[in-house]
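Next up, upload_38.txt (compact mmCIF, C-alpha atoms):
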```txt
# COMPACT_ATOMS: atom_id res chain seq x y z
CA MET A 28 193.37 134.15 -12.55
CA LYS A 29 196.62 133.41 -10.87
CA ASN A 30 198.86 136.33 -10.19
CA SER A 31 202.47 136.21 -9.22
CA ARG A 32 203.83 138.72 -6.78
CA ARG A 33 206.11 139.93 -9.55
CA SER A 34 203.29 140.88 -11.95
CA PHE A 35 201.32 142.49 -9.10
CA LEU A 36 204.25 144.74 -8.25
CA LYS A 37 204.65 145.66 -11.93
CA ILE A 38 201.06 146.75 -12.24
CA ALA A 39 201.19 148.61 -8.93
CA GLY A 40 204.29 150.48 -10.04
CA ILE A 41 202.83 151.51 -13.37
CA SER A 42 199.62 152.62 -11.66
CA ALA A 43 201.57 154.78 -9.23
CA ILE A 44 203.32 156.52 -12.11
CA GLY A 45 199.97 156.94 -13.84
CA PHE A 46 198.37 158.65 -10.82
CA SER A 47 201.34 160.92 -10.33
CA MET A 48 200.74 162.18 -13.86
CA THR A 49 197.26 163.63 -13.16
CA PRO A 50 198.42 167.09 -12.05
CA VAL A 51 200.56 167.36 -15.20
CA VAL A 52 197.70 166.22 -17.41
CA ASN A 53 195.38 168.73 -15.74
CA VAL A 54 197.74 171.55 -16.55
CA PHE A 55 197.84 170.58 -20.22
CA ALA A 56 194.09 169.99 -20.37
CA SER A 57 193.23 173.37 -18.92
CA SER A 58 195.61 175.41 -21.05
CA GLY A 59 193.90 177.18 -23.91
CA GLN A 60 190.46 177.07 -22.27
CA GLU A 61 188.75 179.50 -19.86
CA GLY A 62 191.23 178.27 -17.28
CA ASN A 63 194.05 180.67 -18.11
CA LYS A 64 191.81 183.68 -18.73
CA PRO A 65 191.91 186.39 -16.12
CA GLU A 66 189.60 186.26 -13.15
CA PRO A 67 186.87 188.89 -13.14
CA SER A 68 187.53 191.80 -10.82
CA TYR A 69 185.02 193.38 -8.46
CA SER A 70 185.61 196.83 -7.09
CA VAL A 71 184.02 199.71 -5.25
CA ASN A 72 182.89 202.65 -7.34
CA LYS A 73 185.58 205.35 -7.35
CA LYS A 74 183.03 208.04 -6.56
CA ALA A 75 181.74 206.17 -3.48
CA LEU A 76 181.78 208.04 -0.17
CA LYS A 77 183.87 206.28 2.43
CA ALA A 78 184.12 206.52 6.21
CA LYS A 79 185.27 204.56 9.22
CA ARG A 80 181.89 204.92 10.93
CA TRP A 81 179.00 206.83 9.41
CA GLY A 82 176.94 208.96 11.76
CA LEU A 83 174.10 211.44 11.66
CA VAL A 84 173.61 214.60 13.68
CA ILE A 85 170.07 215.97 13.80
CA ASP A 86 169.75 219.61 14.74
CA THR A 87 166.26 219.73 16.23
CA ARG A 88 166.42 223.55 16.41
CA LYS A 89 166.20 223.70 12.64
CA LEU A 90 163.33 221.24 12.40
CA SER A 91 159.67 221.81 11.78
CA GLU A 92 156.68 219.54 11.34
CA GLU A 93 156.83 220.03 7.57
CA ILE A 94 160.51 219.18 7.28
CA VAL A 95 160.11 215.95 9.26
CA GLU A 96 157.22 214.97 7.04
CA GLU A 97 159.29 215.74 3.97
CA LEU A 98 162.12 213.52 5.24
CA GLY A 99 159.73 210.57 5.43
CA LYS A 100 158.19 211.30 2.04
CA THR A 101 161.56 211.60 0.31
CA CYS A 102 162.75 208.35 1.86
CA SER A 103 159.56 206.48 0.95
CA LYS A 104 159.74 207.70 -2.61
CA ILE A 105 163.29 206.63 -3.36
CA HIS A 106 163.09 203.32 -1.48
CA ASN A 107 159.63 202.28 -2.69
CA ILE A 108 158.18 202.18 0.81
CA PRO A 109 154.42 201.75 0.69
CA GLU A 110 152.09 203.91 2.73
CA ILE A 111 149.86 201.59 4.73
CA LYS A 112 146.96 202.91 6.76
CA ASN A 113 146.73 199.88 9.04
CA LYS A 114 149.08 200.64 11.95
CA ASP A 115 149.88 196.94 12.41
CA HIS A 116 151.26 196.64 8.90
CA GLU A 117 153.06 199.98 8.64
CA ILE A 118 156.53 200.14 7.06
CA LYS A 119 158.72 202.87 8.54
CA TRP A 120 162.29 203.86 7.77
CA ILE A 121 162.33 207.43 9.10
CA TRP A 122 159.37 209.00 10.80
CA GLY A 123 158.34 211.61 13.36
CA GLU A 124 157.89 210.70 17.00
CA GLU A 125 156.95 212.70 20.08
CA PHE A 126 159.85 213.57 22.39
CA LYS A 127 158.54 211.43 25.23
CA HIS A 128 158.37 208.41 22.94
CA ALA A 129 161.68 209.01 21.21
CA PHE A 130 163.49 209.57 24.50
CA PRO A 131 161.66 207.65 27.21
CA GLY A 132 163.24 208.36 30.60
CA LYS A 133 164.36 211.82 29.47
CA GLU A 134 160.96 213.46 29.58
CA ASN A 135 160.68 215.82 32.51
CA GLU A 136 157.52 216.72 34.31
CA PHE A 137 157.78 220.18 32.83
CA LEU A 138 159.11 220.06 29.29
CA ASP A 139 159.63 223.23 27.30
CA GLU A 140 156.92 223.99 24.76
CA ARG A 141 159.09 223.51 21.69
CA MET A 142 160.23 220.01 22.67
CA LYS A 143 156.78 219.05 23.84
CA HIS A 144 155.25 219.61 20.41
CA LEU A 145 158.20 218.91 18.16
CA SER A 146 158.06 215.87 15.96
CA MET A 147 161.41 214.09 16.42
CA PRO A 148 162.72 212.34 13.32
CA VAL A 149 163.68 208.81 14.34
CA LEU A 150 165.31 206.11 12.26
CA CYS A 151 167.66 203.16 12.54
CA ASN A 152 170.53 204.24 14.79
CA HIS A 153 173.12 202.06 13.02
CA CYS A 154 174.39 201.07 16.44
CA LYS A 155 178.03 200.38 17.13
CA ASP A 156 177.07 197.17 18.91
CA ALA A 157 173.78 196.41 17.22
CA PRO A 158 171.55 193.85 18.95
CA CYS A 159 169.72 193.09 15.69
CA VAL A 160 172.98 191.95 14.11
CA ARG A 161 173.71 189.70 17.06
CA VAL A 162 170.35 187.92 17.01
CA CYS A 163 169.95 187.42 13.26
CA PRO A 164 170.17 183.64 12.68
CA THR A 165 171.00 183.91 8.97
CA LYS A 166 173.31 186.94 9.09
CA ALA A 167 170.84 188.74 6.85
CA THR A 168 171.42 191.77 9.04
CA PHE A 169 175.07 192.56 9.24
CA LYS A 170 177.44 195.35 10.12
CA ARG A 171 179.48 196.86 7.33
CA PRO A 172 183.04 197.97 8.02
CA ASP A 173 181.84 201.58 7.63
CA GLY A 174 179.38 201.18 10.50
CA ILE A 175 176.19 200.82 8.50
CA VAL A 176 173.86 198.11 9.75
CA LEU A 177 172.61 196.71 6.48
CA MET A 178 170.03 194.12 5.51
CA ASP A 179 170.50 191.45 2.89
CA PHE A 180 166.92 190.80 1.88
CA HIS A 181 167.98 187.71 -0.04
CA ARG A 182 168.82 186.04 3.23
CA CYS A 183 166.03 187.30 5.48
CA ILE A 184 163.72 184.48 6.53
CA GLY A 185 161.30 186.77 8.34
CA CYS A 186 161.84 185.35 11.84
CA ARG A 187 161.60 188.86 13.33
CA PHE A 188 164.19 188.24 16.06
CA CYS A 189 165.74 191.55 15.03
CA MET A 190 162.46 193.36 15.60
CA ALA A 191 162.30 191.95 19.10
CA ALA A 192 165.93 192.87 19.70
CA CYS A 193 165.85 196.45 18.40
CA PRO A 194 165.10 198.81 21.30
CA TYR A 195 164.14 201.63 18.93
CA GLY A 196 161.37 199.98 16.93
CA SER A 197 163.29 200.85 13.80
CA ARG A 198 162.32 197.71 11.96
CA SER A 199 159.16 196.86 10.08
CA PHE A 200 157.86 193.55 8.82
CA ASN A 201 156.18 193.07 5.47
CA PHE A 202 152.96 191.40 6.48
CA ILE A 203 151.56 192.01 3.02
CA ASP A 204 153.17 192.08 -0.41
CA PRO A 205 154.37 195.71 -0.64
CA ARG A 206 153.69 195.80 -4.38
CA THR A 207 149.98 195.49 -3.75
CA VAL A 208 150.01 198.67 -1.66
CA LEU A 209 152.49 200.77 -3.64
CA PRO A 210 150.99 203.26 -6.12
CA LYS A 211 149.26 201.53 -9.04
CA ASP A 212 151.20 203.53 -11.58
CA ARG A 213 154.82 202.44 -11.62
CA LYS A 214 155.89 205.87 -12.81
CA GLU A 215 155.61 206.87 -9.16
CA TRP A 216 158.06 204.18 -8.12
CA ASN A 217 161.82 204.49 -8.11
CA LEU A 218 162.52 201.91 -10.79
CA GLU A 219 166.22 201.80 -9.96
CA PHE A 220 165.63 200.49 -6.43
CA PRO A 221 164.00 197.13 -5.69
CA THR A 222 160.86 196.69 -3.66
CA ARG A 223 160.70 194.11 -0.90
CA MET A 224 158.66 190.92 -0.83
CA LYS A 225 156.14 189.65 1.65
CA GLY A 226 157.76 188.10 4.70
CA VAL A 227 160.97 190.10 5.07
CA VAL A 228 161.94 192.71 7.62
CA GLU A 229 163.18 196.10 6.46
CA LYS A 230 164.65 199.30 7.86
CA CYS A 231 166.71 202.36 7.04
CA ASN A 232 169.91 201.50 5.16
CA PHE A 233 171.57 204.93 5.54
CA CYS A 234 171.14 205.14 1.76
CA ALA A 235 173.95 202.67 1.13
CA GLU A 236 172.98 202.65 -2.56
CA ARG A 237 173.44 206.44 -2.75
CA LEU A 238 176.73 206.45 -0.81
CA ALA A 239 178.01 203.92 -3.35
CA VAL A 240 177.66 206.49 -6.12
CA GLY A 241 178.93 209.44 -4.13
CA LYS A 242 175.66 210.95 -2.90
CA THR A 243 174.71 211.71 0.69
CA PRO A 244 171.55 210.14 2.14
CA ALA A 245 168.30 211.46 0.70
CA CYS A 246 166.98 212.64 4.08
CA VAL A 247 170.09 214.76 4.58
CA GLU A 248 169.53 216.39 1.20
CA ALA A 249 165.87 217.04 1.97
CA SER A 250 166.46 218.38 5.49
CA HIS A 251 167.26 222.04 4.69
CA GLY A 252 170.45 221.72 6.69
CA ALA A 253 168.91 220.19 9.80
CA LEU A 254 170.64 216.84 9.27
CA ALA A 255 174.39 216.45 9.00
CA PHE A 256 175.97 213.25 7.80
CA GLY A 257 179.61 212.29 8.17
CA ASP A 258 182.38 210.19 9.64
CA LEU A 259 182.21 209.91 13.44
CA GLU A 260 185.78 208.62 13.59
CA ASP A 261 187.21 211.56 11.70
CA PRO A 262 187.84 214.48 14.10
CA LYS A 263 187.77 216.94 11.21
CA SER A 264 184.39 215.86 9.86
CA GLU A 265 181.35 218.10 9.91
CA VAL A 266 179.51 215.86 12.35
CA ARG A 267 182.38 215.85 14.82
CA LYS A 268 182.55 219.64 14.68
CA LEU A 269 178.85 219.83 15.44
CA LEU A 270 179.21 217.32 18.28
CA LYS A 271 182.09 219.33 19.69
CA SER A 272 180.24 222.62 19.76
CA ASN A 273 176.74 221.47 20.72
CA TYR A 274 175.24 219.42 23.53
CA THR A 275 173.70 216.30 22.04
CA ILE A 276 171.65 213.37 23.23
CA ARG A 277 171.17 209.89 21.85
CA ARG A 278 168.27 207.47 22.16
CA LYS A 279 168.54 205.03 25.08
CA PRO A 280 172.36 205.15 25.35
CA SER A 281 172.21 203.29 28.69
CA LEU A 282 171.39 200.08 26.80
CA GLY A 283 174.94 200.08 25.46
CA THR A 284 174.06 199.73 21.80
CA GLY A 285 176.09 202.79 20.82
CA PRO A 286 173.67 204.62 18.51
CA SER A 287 175.28 206.62 15.68
CA VAL A 288 172.44 209.14 15.46
CA TYR A 289 172.85 212.24 17.63
CA TYR A 290 170.26 214.90 18.44
CA ILE A 291 171.11 218.53 19.17
CA VAL A 292 168.35 219.72 21.52
CA MET B 7 146.52 133.30 -26.91
CA ASN B 8 144.44 134.56 -29.79
CA ASP B 9 144.90 138.18 -28.82
CA LYS B 10 148.52 138.35 -29.90
CA LEU B 11 147.82 140.90 -32.60
CA LYS B 12 145.79 143.15 -30.34
CA VAL B 13 148.40 143.04 -27.61
CA ILE B 14 151.21 143.91 -29.99
CA ALA B 15 149.20 146.67 -31.63
CA GLY B 16 148.35 148.04 -28.20
CA LEU B 17 151.99 147.95 -27.15
CA ILE B 18 153.05 149.79 -30.29
CA VAL B 19 150.46 152.48 -29.73
CA PHE B 20 151.46 152.74 -26.08
CA PHE B 21 155.15 153.14 -26.83
CA ALA B 22 154.45 155.59 -29.61
CA ILE B 23 152.53 157.83 -27.23
CA PHE B 24 154.88 157.23 -24.33
CA SER B 25 157.98 158.16 -26.31
CA TYR B 26 156.35 161.03 -28.19
CA PRO B 27 158.27 163.77 -26.30
CA PHE B 28 161.57 162.17 -27.25
CA TRP B 29 160.64 161.88 -30.94
CA ASN B 30 159.32 165.36 -30.94
CA ASN B 31 162.59 166.66 -29.57
CA ILE B 32 164.68 164.72 -32.06
CA PHE B 33 162.76 165.83 -35.15
CA ASN B 34 161.92 169.37 -34.08
CA LYS B 35 165.43 170.30 -33.14
CA GLU B 36 164.98 173.94 -34.02
CA ASN B 37 162.19 174.85 -31.68
CA PRO B 38 162.43 178.64 -31.55
CA GLU B 39 159.65 179.18 -29.05
CA HIS B 40 161.89 179.02 -26.00
CA LYS B 41 164.89 180.86 -27.47
CA PRO B 42 165.42 184.26 -25.94
CA VAL B 43 164.95 187.17 -28.33
CA LEU B 44 167.67 189.80 -28.28
CA SER B 45 166.49 193.36 -28.07
CA ALA B 46 167.72 196.02 -30.48
CA GLU B 47 169.94 197.46 -27.75
CA ALA B 48 171.54 194.10 -27.05
CA GLU B 49 172.10 193.47 -30.77
CA LYS B 50 173.79 196.81 -31.09
CA ALA B 51 176.02 196.30 -28.06
CA LYS B 52 177.23 193.00 -29.58
CA GLU B 53 178.87 191.86 -26.35
CA CYS B 54 177.66 191.03 -22.89
CA VAL B 55 179.66 191.18 -19.66
CA ARG B 56 180.96 187.71 -20.55
CA SER B 57 180.88 185.47 -23.62
CA LYS B 58 177.51 184.34 -24.92
CA ASP B 59 178.36 180.74 -24.13
CA TYR B 60 179.27 181.59 -20.54
CA MET B 61 176.17 183.70 -20.03
CA THR B 62 173.87 180.99 -21.39
CA LYS B 63 175.23 178.39 -19.05
CA GLU B 64 176.37 180.34 -16.02
CA HIS B 65 174.31 183.52 -15.75
CA MET B 66 172.71 182.28 -12.55
CA GLN B 67 176.08 181.79 -10.87
CA LEU B 68 177.22 185.18 -12.13
CA LEU B 69 174.12 186.87 -10.73
CA ASP B 70 174.54 185.02 -7.44
CA ILE B 71 178.10 186.32 -7.11
CA TRP B 72 176.96 189.80 -8.11
CA ARG B 73 174.29 190.01 -5.44
CA ASP B 74 176.69 188.90 -2.72
CA LYS B 75 179.38 191.32 -3.85
CA VAL B 76 176.99 194.26 -4.09
CA VAL B 77 175.04 193.71 -0.90
CA ARG B 78 177.63 192.26 1.41
CA SER B 79 180.89 193.88 0.35
CA GLY B 80 179.57 196.95 -1.43
CA GLU B 81 181.60 196.18 -4.55
CA ARG B 82 179.45 197.25 -7.45
CA VAL B 83 181.81 197.47 -10.40
CA TYR B 84 182.46 194.40 -12.53
CA LYS B 85 185.37 194.09 -14.92
CA TYR B 86 186.35 191.15 -17.07
CA GLY B 87 188.42 190.48 -20.14
CA ASN B 88 187.63 193.41 -22.41
CA GLY B 89 188.33 195.85 -19.58
CA LYS B 90 184.93 197.50 -19.66
CA GLU B 91 183.42 198.36 -16.31
CA TYR B 92 179.86 197.38 -15.56
CA ASN B 93 177.58 198.39 -12.70
CA MET B 94 176.46 195.11 -11.16
CA SER B 95 172.72 195.60 -11.24
CA LEU B 96 170.02 193.28 -12.50
CA SER B 97 167.32 195.89 -13.03
CA ASN B 98 169.59 198.62 -14.33
CA THR B 99 172.47 196.97 -16.18
CA CYS B 100 171.02 193.64 -17.38
CA LEU B 101 167.58 194.97 -18.18
CA GLY B 102 169.08 198.21 -19.43
CA CYS B 103 170.31 196.26 -22.45
CA HIS B 104 167.98 193.28 -22.50
CA THR B 105 165.07 195.64 -22.36
CA SER B 106 162.29 193.09 -22.49
CA LYS B 107 162.18 190.66 -19.61
CA ALA B 108 159.27 188.82 -21.26
CA GLU B 109 161.18 188.26 -24.49
CA PHE B 110 164.58 187.59 -22.98
CA CYS B 111 164.24 185.97 -19.54
CA ASP B 112 160.74 184.56 -19.41
CA ARG B 113 160.69 182.68 -22.69
CA CYS B 114 163.42 180.31 -21.62
CA HIS B 115 162.49 180.22 -17.94
CA ASP B 116 158.88 179.38 -18.74
CA TYR B 117 159.96 176.67 -21.18
CA ALA B 118 162.29 175.10 -18.62
CA SER B 119 159.75 175.68 -15.85
CA VAL B 120 162.28 177.67 -13.85
CA LYS B 121 160.75 180.19 -11.50
CA PRO B 122 163.46 182.54 -10.23
CA TYR B 123 162.17 184.84 -7.50
CA CYS B 124 164.37 187.77 -8.56
CA TRP B 125 161.29 189.68 -9.71
CA ASP B 126 159.50 189.51 -6.38
CA CYS B 127 161.68 192.46 -5.41
CA HIS B 128 163.72 193.58 -8.42
CA ILE B 129 161.71 195.67 -10.80
CA ASP B 130 161.24 195.15 -14.50
CA PRO B 131 161.13 198.81 -15.57
CA LYS B 132 158.97 198.04 -18.60
CA GLU B 133 156.30 196.15 -16.73
CA ASN B 134 153.38 198.32 -15.65
CA LYS B 135 150.53 196.38 -14.15
```
Can you present the structure in this file as structure tokens?
Amino acid sequence: MKNSRRSFLKIAGISAIGFSMTPVVNVFASSGQEGNKPEPSYSVNKKALKAKRWGLVIDTRKLSEEIVEELGKTCSKIHNIPEIKNKDHEIKWIWGEEFKHAFPGKENEFLDERMKHLSMPVLCNHCKDAPCVRVCPTKATFKRPDGIVLMDFHRCIGCRFCMAACPYGSRSFNFIDPRTVLPKDRKEWNLEFPTRMKGVVEKCNFCAERLAVGKTPACVEASHGALAFGDLEDPKSEVRKLLKSNYTIRRKPSLGTGPSVYYIV
Amino acid sequence: MNDKLKVIAGLIVFFAIFSYPFWNNIFNKENPEHKPVLSAEAEKAKECVRSKDYMTKEHMQLLDIWRDKVVRSGERVYKYGNGKEYNMSLSNTCLGCHTSKAEFCDRCHDYASVKPYCWDCHIDPKENK
């Protein structure tokens, strides 16, 4: 087909007008459909507890063997943490540890009797500069604006870098499907909280799911007043008052991770 | 070429068997086996968080957004259109109304051979193995 320059220019011109119409056509096409309906809104529960940086103060003077055990039991119950006899497969969120293991480098040759035998509750320290967050290749472990170091189990690929990075041993790996070791009867589970699956790492979440509905962490409730939870950045908070009036220590502060869990000794 | 008849007959049989799934789908349009069954609670509620059409087609995207919002930004309240607020929770909100996972989720997922791994962690409150 032979084309003159004139007819080519005509077609080109009409095409240009045609293309410039697309945005207009799109507007007409989308009106009346889902397009002009409002976007869904997502918001934080109004009852949710808020803070700049959550912290925990543990008053070891008020602790006893039984209370520490109760802390662990309460936590396991509401987070569906299985009890596994095999030490290699254990899942631990909060548990009791001897002073010399909880605070290596702080144990003196002659330690007072109370400290020597006391079971120290230890848990994730929700560090200010958390090494687990830095090493996670998928950002499954991340730092919330309120200071909580949280895990997104959907993203965890089970590489266990975080376990190598955490200097407190606060993280556990699911070597076996936790559902096979949880109680047979599901009435003993907390049906409102998920379990984990085989192949993901887990740890204390500072009860993020409870804070979201305005409750304090379960261990704080079960502690008979030995644990205080609050905002470390708020000078008027209960934890700051306790820190002001008592001498406290933290686990391995020289590593520079900035733990948010304080111990009154 | 004396086998013409046999070859043609064979071809017809072959194509009949080969195309059986298509015929079956065309003539058995109303195949109720894979349709989700609404629970009494869901029937009573009448409405879901979004329109039925949207939920049928896009529930996986909705749930994907929900999980990111809840876990990563801590936003747990969902509001759309009718102004009602919903707690974004698969086990508690979705299954709170669609009480039977087997009747609602599994029927269609099994039929379409979709195997979502939601239930590896999230609990179906009714299931008790």
Computed interatomic separation between atom CA of Ser97 of chain B and atom CA of Phe202 of chain A (Å)
24.6 Å
Give me the residues of chain B that have any atom at most 9 Å from an atom of chain A; for each, the nearest atom pair and the distance in Å, rounded to one decimal. Use only C-alpha atoms, sort by chain and number, and format it as a Markdown table.
```
| residue | atom | partner | partner_atom | distance |
| --- | --- | --- | --- | --- |
| B:Trp72 | CA | A:Tyr69 | CA | 8.8 |
| B:Arg73 | CA | A:His181 | CA | 8.6 |
| B:Asp74 | CA | A:Asp179 | CA | 8.7 |
| B:Lys75 | CA | A:Tyr69 | CA | 7.6 |
| B:Val76 | CA | A:Val71 | CA | 9.0 |
| B:Val77 | CA | A:Asp179 | CA | 6.3 |
| B:Arg78 | CA | A:Asp179 | CA | 7.3 |
| B:Ser79 | CA | A:Arg171 | CA | 7.7 |
| B:Gly80 | CA | A:Val71 | CA | 6.5 |
| B:Glu81 | CA | A:Val71 | CA | 4.3 |
| B:Arg82 | CA | A:Val71 | CA | 5.6 |
| B:Val83 | CA | A:Ser70 | CA | 5.1 |
| B:Tyr84 | CA | A:Tyr69 | CA | 4.9 |
| B:Lys85 | CA | A:Ser68 | CA | 5.2 |
| B:Tyr86 | CA | A:Pro67 | CA | 4.6 |
| B:Gly87 | CA | A:Pro65 | CA | 6.7 |
| B:Asn93 | CA | A:Asn72 | CA | 8.7 |
| B:Ser97 | CA | A:Glu219 | CA | 6.8 |
| B:Asn98 | CA | A:Glu219 | CA | 6.4 |
| B:Trp125 | CA | A:Pro221 | CA | 8.9 |
| B:Asp126 | CA | A:Met224 | CA | 5.8 |
| B:Cys127 | CA | A:Thr222 | CA | 4.7 |
| B:His128 | CA | A:Pro221 | CA | 4.5 |
| B:Ile129 | CA | A:Pro221 | CA | 5.8 |
| B:Asp130 | CA | A:Leu218 | CA | 7.8 |
| B:Pro131 | CA | A:Leu218 | CA | 5.9 |
| B:Glu133 | CA | A:Arg213 | CA | 8.2 |
| B:Asn134 | CA | A:Arg213 | CA | 5.9 |
| B:Lys135 | CA | A:Lys211 | CA | 7.4 |
```
Write the selection just made, keeping C-alpha atoms, as a tab-separated table (two decimals), in the frame of the given file?
```tsv
chain	number	residue	atom	x	y	z
B	72	TRP	CA	176.96	189.80	-8.11
B	73	ARG	CA	174.29	190.01	-5.44
B	74	ASP	CA	176.69	188.90	-2.72
B	75	LYS	CA	179.38	191.32	-3.85
B	76	VAL	CA	176.99	194.26	-4.09
B	77	VAL	CA	175.04	193.71	-0.90
B	78	ARG	CA	177.63	192.26	1.41
B	79	SER	CA	180.89	193.88	0.35
B	80	GLY	CA	179.57	196.95	-1.43
B	81	GLU	CA	181.60	196.18	-4.55
B	82	ARG	CA	179.45	197.25	-7.45
B	83	VAL	CA	181.81	197.47	-10.40
B	84	TYR	CA	182.46	194.40	-12.53
B	85	LYS	CA	185.37	194.09	-14.92
B	86	TYR	CA	186.35	191.15	-17.07
B	87	GLY	CA	188.42	190.48	-20.14
B	93	ASN	CA	177.58	198.39	-12.70
B	97	SER	CA	167.32	195.89	-13.03
B	98	ASN	CA	169.59	198.62	-14.33
B	125	TRP	CA	161.29	189.68	-9.71
B	126	ASP	CA	159.50	189.51	-6.38
B	127	CYS	CA	161.68	192.46	-5.41
B	128	HIS	CA	163.72	193.58	-8.42
B	129	ILE	CA	161.71	195.67	-10.80
B	130	ASP	CA	161.24	195.15	-14.50
B	131	PRO	CA	161.13	198.81	-15.57
B	133	GLU	CA	156.30	196.15	-16.73
B	134	ASN	CA	153.38	198.32	-15.65
B	135	LYS	CA	150.53	196.38	-14.15
```
Distance query His65 of chain B at most 12 Å, all atoms listed in the file, self and fewer than 3 positions along chain excluded, as a PyMOL selection string:
chain B and resi 54-62+68-72+96+100+111
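Among A:Glu265, A:Asp258, A:Glu124, A:Glu248, the residue with the shortest atom-to-atom distance to Tyr195 of chain A, counting only C-alpha atoms, is A:Glu124.
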What is the atom CA of Glu49 of chain B-atom CA of Thr105 of chain B distance in Å, reported with one decimal?
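Taking atom CA of Glu49 of chain B and atom CA of Thr105 of chain B, their separation equals 11.2 Å.
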With all atoms listed in the file as the basis for distance, which of A:Cys246, A:Ala157, A:Cys186, A:Ala43 is at the shortest distance from Thr101 of chain A?
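Using all atoms listed in the file, the shortest distance to Thr101 of chain A belongs to A:Cys246.
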With 6 Å as the threshold, what does the neighbourhood of (180.8, 204.3, 13.8) contain in terms of residues, counting only C-alpha atoms? Coordinates are those of the file; answer as number ranges by chain.
A: 80-81, 155, 174, 259
Please produce a file of the residues just selected, as a PDB file, in the coordinates of the input, where the atoms kept are C-alpha atoms.
```
ATOM      1  CA  ARG A  80     181.890 204.920  10.930  1.00  0.00           C
ATOM      2  CA  TRP A  81     179.000 206.830   9.410  1.00  0.00           C
ATOM      3  CA  LYS A 155     178.030 200.380  17.130  1.00  0.00           C
ATOM      4  CA  GLY A 174     179.380 201.180  10.500  1.00  0.00           C
ATOM      5  CA  LEU A 259     182.210 209.910  13.440  1.00  0.00           C
TER       6      LEU A 259
END
```
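Considering the residues A:Leu90, A:Ile175, A:Cys151, A:Leu269 and counting all atoms listed in the file, Val288 of chain A has its shortest atom-to-atom contact with A:Cys151.
Nearest-residue note for Asn113 of chain A: choosing from A:Thr87, A:Arg32, A:Val208, A:Ala253, the minimum distance belongs to A:Val208, counting all atoms listed in the file.
Going from atom CA of Cys154 of chain A to atom CA of Lys230 of chain A covers 13.1 Å.
Those residues that approach His144 of chain A to within 10 Å, counting all atoms listed in the file, are Ser91, Glu92, Glu124, Glu125, Phe126, Leu138, Asp139, Glu140, Arg141 and Met147 of chain A; same-chain residues fewer than 3 positions away are not listed.
For Pro42 of chain B, the set of protein, DNA and RNA residues having any atom at most 9 Å away, when counting only C-alpha atoms and skipping those fewer than 4 positions along the same chain, is Pro38, Ala108, Glu109, Phe110, Cys111, Asp112, Arg113 and Cys114 of chain B.
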Take the residues that were just selected and, keeping C-alpha atoms, output them as an mmCIF file, in the frame of the given file.
```
data_model
loop_
_atom_site.group_PDB
_atom_site.id
_atom_site.type_symbol
_atom_site.label_atom_id
_atom_site.label_comp_id
_atom_site.auth_asym_id
_atom_site.auth_seq_id
_atom_site.Cartn_x
_atom_site.Cartn_y
_atom_site.Cartn_z
ATOM 1 C CA PRO B 38 162.430 178.640 -31.550
ATOM 2 C CA ALA B 108 159.270 188.820 -21.260
ATOM 3 C CA GLU B 109 161.180 188.260 -24.490
ATOM 4 C CA PHE B 110 164.580 187.590 -22.980
ATOM 5 C CA CYS B 111 164.240 185.970 -19.540
ATOM 6 C CA ASP B 112 160.740 184.560 -19.410
ATOM 7 C CA ARG B 113 160.690 182.680 -22.690
ATOM 8 C CA CYS B 114 163.420 180.310 -21.620
#
```
Could you rebuild segment 108-117 of chain B with N, CA and C atoms and give it back as a compact mmCIF listing (two decimals), in the coordinates of the input?
```txt
# COMPACT_ATOMS: atom_id res chain seq x y z
N ALA B 108 160.16 189.85 -20.72
CA ALA B 108 159.27 188.82 -21.26
C ALA B 108 159.92 188.10 -22.43
N GLU B 109 160.59 188.86 -23.29
CA GLU B 109 161.18 188.26 -24.49
C GLU B 109 162.51 187.60 -24.21
N PHE B 110 163.22 188.10 -23.20
CA PHE B 110 164.58 187.59 -22.98
C PHE B 110 164.62 186.55 -21.86
N CYS B 111 164.14 186.89 -20.68
CA CYS B 111 164.24 185.97 -19.54
C CYS B 111 163.13 184.93 -19.56
N ASP B 112 161.90 185.43 -19.67
CA ASP B 112 160.74 184.56 -19.41
C ASP B 112 160.59 183.43 -20.41
N ARG B 113 160.90 183.71 -21.67
CA ARG B 113 160.69 182.68 -22.69
C ARG B 113 161.38 181.38 -22.33
N CYS B 114 162.66 181.51 -21.93
CA CYS B 114 163.42 180.31 -21.62
C CYS B 114 163.02 179.75 -20.25
N HIS B 115 162.86 180.66 -19.29
CA HIS B 115 162.49 180.22 -17.94
C HIS B 115 161.15 179.49 -17.94
N ASP B 116 160.18 180.03 -18.68
CA ASP B 116 158.88 179.38 -18.74
C ASP B 116 159.00 178.00 -19.38
N TYR B 117 159.78 177.94 -20.46
CA TYR B 117 159.96 176.67 -21.18
C TYR B 117 160.58 175.63 -20.27
```
